[in-house]
$ cat data.pdb   # PDB, C-alpha atoms
ATOM      1  CA  MET X   1       4.873  29.127  -4.883
ATOM      2  CA  ASN X   2       6.215  25.582  -4.631
ATOM      3  CA  VAL X   3       3.798  22.994  -3.287
ATOM      4  CA  GLU X   4       5.324  20.806  -0.577
ATOM      5  CA  LYS X   5       5.338  17.076  -1.222
ATOM      6  CA  ILE X   6       4.650  14.102   1.024
ATOM      7  CA  ILE X   7       5.448  10.490   0.237
ATOM      8  CA  ILE X   8       3.389   7.811   1.980
ATOM      9  CA  VAL X   9       5.083   4.420   1.637
ATOM     10  CA  ASP X  10       3.114   1.186   1.801
ATOM     11  CA  GLY X  11       5.775  -0.447   3.968
ATOM     12  CA  SER X  12       4.346  -3.964   3.958
ATOM     13  CA  SER X  13       4.140  -4.014   0.164
ATOM     14  CA  TYR X  14       7.703  -2.676   0.015
ATOM     15  CA  ILE X  15       8.974  -5.453   2.306
ATOM     16  CA  PHE X  16       7.563  -8.259   0.166
ATOM     17  CA  ARG X  17       8.739  -6.642  -3.047
ATOM     18  CA  ALA X  18      12.255  -6.307  -1.647
ATOM     19  CA  PHE X  19      12.205  -9.894  -0.400
ATOM     20  CA  TYR X  20      11.200 -11.372  -3.752
ATOM     21  CA  ALA X  21      13.353  -8.997  -5.803
ATOM     22  CA  ILE X  22      16.566 -10.259  -4.175
ATOM     23  CA  ARG X  23      16.445 -14.040  -4.075
ATOM     24  CA  THR X  24      20.149 -14.586  -3.530
ATOM     25  CA  ALA X  25      20.869 -15.976  -0.065
ATOM     26  CA  LEU X  26      22.167 -12.844   1.639
ATOM     27  CA  THR X  27      23.056 -13.451   5.291
ATOM     28  CA  ASN X  28      25.410 -11.971   7.847
ATOM     29  CA  SER X  29      28.069 -14.057   9.597
ATOM     30  CA  LYS X  30      25.553 -15.089  12.276
ATOM     31  CA  GLY X  31      23.257 -16.594   9.654
ATOM     32  CA  LEU X  32      20.610 -13.862   9.752
ATOM     33  CA  PRO X  33      18.867 -13.546   6.357
ATOM     34  CA  THR X  34      19.281  -9.986   5.098
ATOM     35  CA  ASN X  35      17.984  -9.875   1.496
ATOM     36  CA  ALA X  36      14.696  -8.104   2.324
ATOM     37  CA  ILE X  37      16.426  -5.656   4.674
ATOM     38  CA  PHE X  38      19.022  -4.757   2.078
ATOM     39  CA  GLY X  39      16.469  -4.421  -0.722
ATOM     40  CA  PHE X  40      14.063  -2.380   1.391
ATOM     41  CA  ILE X  41      16.678   0.140   2.487
ATOM     42  CA  ARG X  42      18.106   0.456  -1.021
ATOM     43  CA  MET X  43      14.617   1.107  -2.396
ATOM     44  CA  LEU X  44      13.797   3.628   0.329
ATOM     45  CA  MET X  45      17.054   5.523  -0.154
ATOM     46  CA  LYS X  46      16.540   5.705  -3.927
ATOM     47  CA  LEU X  47      12.939   6.831  -3.472
ATOM     48  CA  ILE X  48      13.889   9.748  -1.231
ATOM     49  CA  ARG X  49      16.838  10.670  -3.419
ATOM     50  CA  ASP X  50      14.743  10.677  -6.600
ATOM     51  CA  GLU X  51      11.537  12.229  -5.257
ATOM     52  CA  LYS X  52      13.063  14.768  -2.853
ATOM     53  CA  PRO X  53       9.955  14.951  -0.626
ATOM     54  CA  ASP X  54       9.429  17.467   2.144
ATOM     55  CA  TYR X  55       7.640  14.855   4.238
ATOM     56  CA  VAL X  56       7.804  11.065   4.298
ATOM     57  CA  VAL X  57       6.066   8.359   6.338
ATOM     58  CA  VAL X  58       6.171   4.563   6.134
ATOM     59  CA  VAL X  59       3.013   2.650   7.055
ATOM     60  CA  PHE X  60       3.173  -0.991   8.134
ATOM     61  CA  ASP X  61       0.509  -3.627   8.753
ATOM     62  CA  SER X  62       0.522  -4.951  12.318
ATOM     63  CA  GLY X  63      -0.035  -8.513  11.131
ATOM     64  CA  LYS X  64      -3.068  -8.811  13.407
ATOM     65  CA  LYS X  65      -6.725  -9.159  12.494
ATOM     66  CA  THR X  66      -8.564  -5.977  11.559
ATOM     67  CA  THR X  67     -12.162  -4.783  11.644
ATOM     68  CA  ARG X  68     -12.711  -6.389   8.222
ATOM     69  CA  HIS X  69     -12.252  -9.806   9.824
ATOM     70  CA  GLU X  70     -15.141  -9.011  12.187
ATOM     71  CA  TYR X  71     -17.716  -8.980   9.385
ATOM     72  CA  PHE X  72     -15.887 -11.356   7.031
ATOM     73  CA  PRO X  73     -13.706 -13.850   8.963
ATOM     74  CA  GLU X  74     -12.394 -15.349   5.697
ATOM     75  CA  TYR X  75     -10.790 -12.035   4.682
ATOM     76  CA  LYS X  76      -7.271 -12.779   3.360
ATOM     77  CA  ALA X  77      -7.690 -16.371   4.591
ATOM     78  CA  ASN X  78      -6.071 -17.781   1.455
ATOM     79  CA  ARG X  79      -2.796 -15.939   1.983
ATOM     80  CA  ALA X  80       0.272 -18.040   2.576
ATOM     81  CA  SER X  81       2.078 -17.505   5.867
ATOM     82  CA  MET X  82       5.125 -15.254   5.819
ATOM     83  CA  PRO X  83       8.270 -17.057   4.568
ATOM     84  CA  ASP X  84      10.442 -18.281   7.445
ATOM     85  CA  ASP X  85      13.499 -16.388   6.234
ATOM     86  CA  LEU X  86      11.545 -13.113   6.051
ATOM     87  CA  VAL X  87      10.149 -13.201   9.604
ATOM     88  CA  PRO X  88      13.411 -12.311  11.450
ATOM     89  CA  GLN X  89      14.093  -9.448   9.031
ATOM     90  CA  ILE X  90      10.955  -7.444   9.867
ATOM     91  CA  PRO X  91      12.171  -5.939  13.197
ATOM     92  CA  TYR X  92      15.416  -4.825  11.541
ATOM     93  CA  ILE X  93      13.504  -3.079   8.763
ATOM     94  CA  HIS X  94      11.392  -1.188  11.314
ATOM     95  CA  GLU X  95      14.513  -0.252  13.253
ATOM     96  CA  LEU X  96      16.325   0.956  10.153
ATOM     97  CA  VAL X  97      13.378   3.151   9.172
ATOM     98  CA  ARG X  98      13.527   4.762  12.623
ATOM     99  CA  SER X  99      17.311   5.148  12.292
ATOM    100  CA  PHE X 100      16.745   7.145   9.114
ATOM    101  CA  ASN X 101      14.558   9.397  11.294
ATOM    102  CA  ILE X 102      11.519   8.457   9.238
ATOM    103  CA  GLU X 103       8.219   8.058  11.055
ATOM    104  CA  ALA X 104       6.886   4.495  10.969
ATOM    105  CA  VAL X 105       3.145   4.104  11.596
ATOM    106  CA  CYS X 106       1.597   0.781  12.603
ATOM    107  CA  ILE X 107      -1.665   0.377  14.530
ATOM    108  CA  ASP X 108      -2.963  -2.920  15.906
ATOM    109  CA  GLY X 109      -6.339  -3.843  14.448
ATOM    110  CA  VAL X 110      -6.147  -1.203  11.731
ATOM    111  CA  GLU X 111      -5.231  -2.091   8.173
ATOM    112  CA  ALA X 112      -2.325  -0.187   6.650
ATOM    113  CA  ASP X 113      -4.467   0.706   3.623
ATOM    114  CA  ASP X 114      -6.876   2.640   5.855
ATOM    115  CA  ILE X 115      -4.033   4.522   7.550
ATOM    116  CA  ILE X 116      -2.562   5.364   4.134
ATOM    117  CA  GLY X 117      -5.953   6.502   2.837
ATOM    118  CA  THR X 118      -6.593   8.714   5.859
ATOM    119  CA  LEU X 119      -3.106  10.247   5.772
ATOM    120  CA  ALA X 120      -3.470  10.912   2.040
ATOM    121  CA  VAL X 121      -6.753  12.770   2.543
ATOM    122  CA  GLN X 122      -5.451  14.719   5.550
ATOM    123  CA  SER X 123      -2.260  15.666   3.715
ATOM    124  CA  LYS X 124      -4.119  16.925   0.650
ATOM    125  CA  GLN X 125      -6.419  18.963   2.887
ATOM    126  CA  LYS X 126      -3.288  20.620   4.288
ATOM    127  CA  GLY X 127      -2.208  21.621   0.788
ATOM    128  CA  LEU X 128       0.430  18.965   0.160
ATOM    129  CA  GLU X 129       1.057  17.099  -3.078
ATOM    130  CA  VAL X 130       0.595  13.432  -2.166
ATOM    131  CA  THR X 131       2.433  10.414  -3.586
ATOM    132  CA  ILE X 132       1.444   6.958  -2.355
ATOM    133  CA  VAL X 133       4.173   4.402  -3.016
ATOM    134  CA  SER X 134       2.555   1.023  -3.548
ATOM    135  CA  GLY X 135       1.970  -1.727  -6.078
ATOM    136  CA  ASP X 136      -1.465  -2.551  -4.629
ATOM    137  CA  LYS X 137      -4.273  -2.038  -7.148
ATOM    138  CA  ASP X 138      -6.707  -1.215  -4.310
ATOM    139  CA  MET X 139      -4.834   2.071  -3.863
ATOM    140  CA  MET X 140      -6.070   3.342  -7.225
ATOM    141  CA  GLN X 141      -9.363   4.320  -5.563
ATOM    142  CA  LEU X 142      -7.446   7.035  -3.676
ATOM    143  CA  VAL X 143      -6.160   8.736  -6.816
ATOM    144  CA  GLU X 144      -7.419  12.221  -7.594
ATOM    145  CA  ASP X 145      -5.952  15.562  -8.594
ATOM    146  CA  GLY X 146      -2.987  16.042  -6.254
ATOM    147  CA  VAL X 147      -2.851  12.378  -5.195
ATOM    148  CA  THR X 148      -0.898   9.899  -7.319
ATOM    149  CA  ILE X 149       0.283   6.311  -6.955
ATOM    150  CA  LEU X 150       3.945   5.528  -7.629
ATOM    151  CA  ASP X 151       4.857   1.930  -8.429
ATOM    152  CA  THR X 152       8.628   2.022  -8.116
ATOM    153  CA  MET X 153       9.105  -1.572  -9.278
ATOM    154  CA  LYS X 154       7.454  -0.782 -12.618
ATOM    155  CA  ASP X 155       8.588   2.854 -12.597
ATOM    156  CA  LYS X 156       5.006   4.004 -13.224
ATOM    157  CA  ARG X 157       3.056   6.897 -11.760
ATOM    158  CA  LEU X 158      -0.725   6.743 -11.836
ATOM    159  CA  GLY X 159      -2.885   9.826 -11.838
ATOM    160  CA  PRO X 160      -6.599   9.990 -12.740
ATOM    161  CA  ASN X 161      -5.924   9.647 -16.480
ATOM    162  CA  GLU X 162      -3.695   6.598 -15.997
ATOM    163  CA  VAL X 163      -6.304   4.883 -13.799
ATOM    164  CA  ARG X 164      -8.961   5.500 -16.460
ATOM    165  CA  GLU X 165      -6.634   4.134 -19.124
ATOM    166  CA  LYS X 166      -5.769   1.061 -17.040
ATOM    167  CA  LEU X 167      -9.207   0.121 -15.674
ATOM    168  CA  GLY X 168     -11.666   1.924 -17.933
ATOM    169  CA  VAL X 169     -13.266   3.856 -15.066
ATOM    170  CA  ASP X 170     -12.555   6.889 -12.907
ATOM    171  CA  PRO X 171     -10.741   6.259  -9.596
ATOM    172  CA  ASP X 172     -13.966   6.652  -7.600
ATOM    173  CA  LYS X 173     -15.435   3.672  -9.499
ATOM    174  CA  VAL X 174     -12.562   1.296  -8.676
ATOM    175  CA  VAL X 175     -14.425  -0.110  -5.646
ATOM    176  CA  GLU X 176     -17.493  -0.721  -7.806
ATOM    177  CA  ILE X 177     -15.515  -2.788 -10.316
ATOM    178  CA  MET X 178     -13.666  -4.706  -7.594
ATOM    179  CA  GLY X 179     -16.847  -5.301  -5.635
ATOM    180  CA  LEU X 180     -18.367  -7.126  -8.597
ATOM    181  CA  MET X 181     -15.314  -9.066  -9.751
ATOM    182  CA  GLY X 182     -13.764  -9.684  -6.319
ATOM    183  CA  ASP X 183     -10.076 -10.048  -5.556
ATOM    184  CA  SER X 184      -8.602 -13.511  -5.117
ATOM    185  CA  SER X 185      -5.413 -12.179  -3.498
ATOM    186  CA  ASP X 186      -7.447 -10.919  -0.508
ATOM    187  CA  ASN X 187     -10.086 -13.679  -0.704
ATOM    188  CA  ILE X 188     -12.777 -11.133  -1.583
ATOM    189  CA  PRO X 189     -15.606 -13.102  -3.220
ATOM    190  CA  GLY X 190     -17.266 -10.632  -5.564
ATOM    191  CA  VAL X 191     -20.066 -12.093  -7.693
ATOM    192  CA  PRO X 192     -19.037 -15.583  -8.838
ATOM    193  CA  GLY X 193     -18.624 -15.734 -12.607
ATOM    194  CA  ILE X 194     -18.331 -11.976 -13.122
ATOM    195  CA  GLY X 195     -14.886 -11.001 -14.355
ATOM    196  CA  PRO X 196     -13.251  -7.669 -15.237
ATOM    197  CA  LYS X 197     -14.925  -7.264 -18.636
ATOM    198  CA  THR X 198     -18.486  -7.863 -17.390
ATOM    199  CA  ALA X 199     -17.889  -5.769 -14.254
ATOM    200  CA  LEU X 200     -16.681  -2.865 -16.399
ATOM    201  CA  GLU X 201     -19.686  -3.112 -18.727
ATOM    202  CA  LEU X 202     -22.118  -3.153 -15.812
ATOM    203  CA  ILE X 203     -20.546  -0.188 -13.996
ATOM    204  CA  ASN X 204     -20.203   1.868 -17.170
ATOM    205  CA  THR X 205     -23.906   1.191 -17.850
ATOM    206  CA  TYR X 206     -25.383   1.594 -14.363
ATOM    207  CA  GLY X 207     -22.809   3.649 -12.444
ATOM    208  CA  ASP X 208     -22.442   1.709  -9.209
ATOM    209  CA  ILE X 209     -23.189  -1.646  -7.591
ATOM    210  CA  GLU X 210     -26.478  -0.589  -5.989
ATOM    211  CA  ASN X 211     -27.812   0.617  -9.329
ATOM    212  CA  VAL X 212     -26.583  -2.573 -11.003
ATOM    213  CA  LEU X 213     -28.549  -4.619  -8.466
ATOM    214  CA  VAL X 214     -31.670  -2.478  -8.911
ATOM    215  CA  HIS X 215     -31.530  -2.995 -12.677
ATOM    216  CA  ALA X 216     -30.322  -6.608 -12.622
ATOM    217  CA  HIS X 217     -33.537  -7.699 -14.393
ATOM    218  CA  ASP X 218     -32.585  -5.460 -17.350
ATOM    219  CA  VAL X 219     -29.250  -7.210 -17.967
ATOM    220  CA  LYS X 220     -29.439  -9.080 -21.271
ATOM    221  CA  LYS X 221     -27.339 -12.106 -20.403
ATOM    222  CA  LYS X 222     -29.414 -14.579 -18.389
ATOM    223  CA  SER X 223     -26.492 -16.075 -16.430
ATOM    224  CA  VAL X 224     -25.347 -12.607 -15.305
ATOM    225  CA  ARG X 225     -28.915 -11.664 -14.281
ATOM    226  CA  GLU X 226     -29.194 -14.788 -12.179
ATOM    227  CA  LYS X 227     -25.809 -14.329 -10.520
ATOM    228  CA  LEU X 228     -26.540 -10.710  -9.624
ATOM    229  CA  SER X 229     -29.821 -11.767  -8.052
ATOM    230  CA  GLN X 230     -28.336 -14.737  -6.221
ATOM    231  CA  PHE X 231     -25.160 -13.066  -4.953
ATOM    232  CA  LYS X 232     -26.225  -9.466  -4.318
ATOM    233  CA  ASP X 233     -25.141  -9.714  -0.667
ATOM    234  CA  LYS X 234     -21.672 -10.829  -1.762
ATOM    235  CA  ALA X 235     -21.431  -7.840  -4.097
ATOM    236  CA  ARG X 236     -22.253  -5.417  -1.284
ATOM    237  CA  LEU X 237     -19.924  -7.179   1.142
ATOM    238  CA  SER X 238     -17.089  -7.193  -1.390
ATOM    239  CA  LYS X 239     -17.441  -3.480  -2.051
ATOM    240  CA  ARG X 240     -17.296  -2.833   1.698
ATOM    241  CA  LEU X 241     -14.166  -4.972   2.010
ATOM    242  CA  VAL X 242     -12.283  -3.218  -0.799
ATOM    243  CA  THR X 243     -13.282   0.315   0.193
ATOM    244  CA  ILE X 244     -10.370   2.046   1.908
ATOM    245  CA  VAL X 245     -11.324   4.064   4.988
ATOM    246  CA  THR X 246     -10.178   7.680   4.722
ATOM    247  CA  ASN X 247     -11.579   9.194   7.918
ATOM    248  CA  LEU X 248      -9.788   7.385  10.733
ATOM    249  CA  ASP X 249      -9.239   9.399  13.896
ATOM    250  CA  LEU X 250      -5.459   9.696  13.539
ATOM    251  CA  ASP X 251      -3.664  12.132  15.790
ATOM    252  CA  TYR X 252      -0.400  12.777  13.960
ATOM    253  CA  ASP X 253       1.403  16.071  13.708
ATOM    254  CA  LEU X 254       2.548  16.656  10.127
ATOM    255  CA  GLU X 255       5.879  17.873  11.470
ATOM    256  CA  ASN X 256       6.583  14.290  12.619
ATOM    257  CA  PHE X 257       6.851  13.365   8.946
ATOM    258  CA  LYS X 258       9.244  16.168   7.997
ATOM    259  CA  VAL X 259      12.372  14.855   6.266
ATOM    260  CA  LYS X 260      15.205  14.998   8.814
ATOM    261  CA  GLU X 261      18.857  14.108   9.155
ATOM    262  CA  MET X 262      19.380  10.428   9.851
ATOM    263  CA  ASN X 263      20.375   9.169  13.294
ATOM    264  CA  TYR X 264      23.884   8.286  12.187
ATOM    265  CA  GLU X 265      24.968   6.643  15.434
ATOM    266  CA  ALA X 266      21.976   4.271  15.477
ATOM    267  CA  LEU X 267      22.367   3.627  11.757
ATOM    268  CA  VAL X 268      26.031   2.667  12.055
ATOM    269  CA  ARG X 269      25.270   0.259  14.881
ATOM    270  CA  ILE X 270      22.601  -1.644  12.991
ATOM    271  CA  LEU X 271      24.448  -1.606   9.642
ATOM    272  CA  LYS X 272      27.520  -3.065  11.353
ATOM    273  CA  GLU X 273      25.414  -5.811  12.888
ATOM    274  CA  LEU X 274      23.932  -6.580   9.481
ATOM    275  CA  GLU X 275      27.417  -6.345   7.904
ATOM    276  CA  PHE X 276      26.257  -3.965   5.180
ATOM    277  CA  THR X 277      29.764  -2.670   4.491
ATOM    278  CA  SER X 278      28.926  -0.940   1.226
ATOM    279  CA  LEU X 279      26.033   0.963   2.800
ATOM    280  CA  LEU X 280      28.214   2.009   5.718
ATOM    281  CA  LYS X 281      30.702   3.564   3.315
ATOM    282  CA  GLU X 282      27.974   5.157   1.256
ATOM    283  CA  LEU X 283      26.296   6.748   4.264
ATOM    284  CA  ALA X 284      29.478   7.884   5.997
ATOM    285  CA  PRO X 285      29.295  11.591   6.873
ATOM    286  CA  PRO X 286      31.598  13.856   4.857
ATOM    287  CA  ARG X 287      34.994  14.476   6.391
ATOM    288  CA  VAL X 288      35.679  17.920   7.704
ATOM    289  CA  SER X 289      39.045  19.178   6.440
TER
END

$ encode --input "data.pdb" --output "structure tokens"
Amino acid sequence: MNVEKIIIVDGSSYIFRAFYAIRTALTNSKGLPTNAIFGFIRMLMKLIRDEKPDYVVVVFDSGKKTTRHEYFPEYKANRASMPDDLVPQIPYIHELVRSFNIEAVCIDGVEADDIIGTLAVQSKQKGLEVTIVSGDKDMMQLVEDGVTILDTMKDKRLGPNEVREKLGVDPDKVVEIMGLMGDSSDNIPGVPGIGPKTALELINTYGDIENVLVHAHDVKKKSVREKLSQFKDKARLSKRLVTIVTNLDLDYDLENFKVKEMNYEALVRILKELEFTSLLKELAPPRVS
């Protein structure tokens, strides 16, 4: 019996990767930048063609503050604002996803990672083989038997063995490592002065952050002992920030994510506006003789 497959695309990650992958100044005749749109759609088409999923969903961040900001206002505070020439491309990307008859999920106040995590868990519970398409290292905590991460830019698929090989711990320990070392890209503090090597040693010795803190007095290196004692609250906070929620109350029918025929009329309209001539030809329906 063949197991059905679902692909959950980290849409926000995909947008930025497409934007920075194509740095040539693509615009239509009205001056609308189109490099991210073109790259995103090309990547999405290739993904579906190569993976041949039974279900697919694209999850986007809303761009608004989430519950993490409530208990840590500085969360992601160091991130640069979205490039000016990317901003007007976002609505077109969302519209194109809908034109391909692919469900796009975006919830105000809820981080995309938490939606992805919840959908991954729900999908596995329903017997599906789950592939999360993302380059975000946080996602590695979701990996388990039947749930893999696909990084299409690096052409790498990460299962439990690959996560262990990459980080030195099982997927369920990823949040422990990241809680200690922090993550500068999301402005997650961690314990100042503790990097990947020390974090790995501590977690491999004591199992998790709480046990590390309990046994901080046993740590041989004085500077590490002192930092663990001084910044234990930051360690706990950081673990909470990096932990992806997998039990959101999401009311989605799996059938909404079933791979369907594209809405060709809507697709033609938007591709003409964007002046994507090559894509128009490529997606033209076969002629009936």

$ residues_near_point --input "data.pdb" --point "(-13.8, -8.8, -4.8)" --cutoff "12 Å" --atoms "all atoms listed in the file" --output "PyMOL selection string"
chain X and resi 75-76+137-138+174-196+199+234-243

$ residues_around --input "data.pdb" --residues "Leu158 in chain X" --least-positions-apart "6" --cutoff "12 Å" --atoms "all atoms listed in the file" --output "PyMOL selection string"
chain X and resi 130-137+139-152+164-167+170-171

$ closest_residue --input "data.pdb" --among "X:Asp54, X:Asp84, X:Asp113, X:Glu74" --to "Gly11 in chain X" --atoms "all atoms listed in the file"
X:Asp113

$ closest_residue --input "data.pdb" --among "X:Lys221, X:Lys258, X:Lys30, X:Arg98" --to "Pro53 in chain X" --atoms "all atoms listed in the file"
X:Lys258

$ closest_residue --input "data.pdb" --among "X:Val105, X:Leu228, X:Leu283, X:Leu213" --to "Leu271 in chain X" --atoms "only C-alpha atoms"
X:Leu283

$ resolve_selection --input "data.pdb" --expression "the PyMOL selection byres ((chain X and resi 2) around 12)" --output "PyMOL selection string"
chain X and resi 1+3-5+53-54+127-129

$ residues_around --input "data.pdb" --residues "Lys64 in chain X" --least-positions-apart "4" --cutoff "12 Å" --atoms "all atoms listed in the file" --output "PyMOL selection string"
chain X and resi 60+68-69+76+106-112

$ closest_residue --input "data.pdb" --among "X:Phe38, X:Phe231, X:Phe19, X:Tyr252" --to "Leu96 in chain X" --atoms "all atoms listed in the file"
X:Phe38

$ axis_aligned_box --input "data.pdb" --around "range 6-10 of chain X" --padding-each-side "3 Å" --output "lines of an AutoDock Vina configuration file"
center_x = 4.3
center_y = 7.6
center_z = 1.1
size_x = 8.3
size_y = 18.9
size_z = 7.7

$ atom_distance --input "data.pdb" --atom1 "CA of Ile41 in chain X" --atom2 "CA of Leu254 in chain X"
23.0 Å

$ atom_distance --input "data.pdb" --atom1 "CA of Asn247 in chain X" --atom2 "CA of Phe40 in chain X"
28.9 Å

$ atom_distance --input "data.pdb" --atom1 "CA of Gly63 in chain X" --atom2 "CA of Ser123 in chain X"
25.4 Å

$ resolve_selection --input "data.pdb" --expression "the PyMOL selection byres ((chain X and resi 42) around 12)" --output "ChimeraX atom specification"
/X:14-15,17-19,21-22,35-41,43-49,93,96-97,152,276,278-279,282-283

$ residues_around --input "data.pdb" --residues "range 204-208 of chain X" --least-positions-apart "5" --cutoff "8 Å" --atoms "all atoms listed in the file" --output "list in words"
Val169, Lys173, Glu176 and His215 of chain X

$ closest_residue --input "data.pdb" --among "X:His94, X:Lys124, X:Lys197, X:His217" --to "Gln230 in chain X" --atoms "all atoms listed in the file"
X:His217

$ residues_near_point --input "data.pdb" --point "(19.8, 2.0, 20.3)" --cutoff "12 Å" --atoms "all atoms listed in the file" --output "MDAnalysis selection string"
chainID X and resid 92 95:96 98:99 263:270

$ resolve_selection --input "data.pdb" --expression "the PyMOL selection byres ((chain X and resi 249) around 12)" --output "ChimeraX atom specification"
/X:107,110,114-115,117-119,122,245-248,250-252
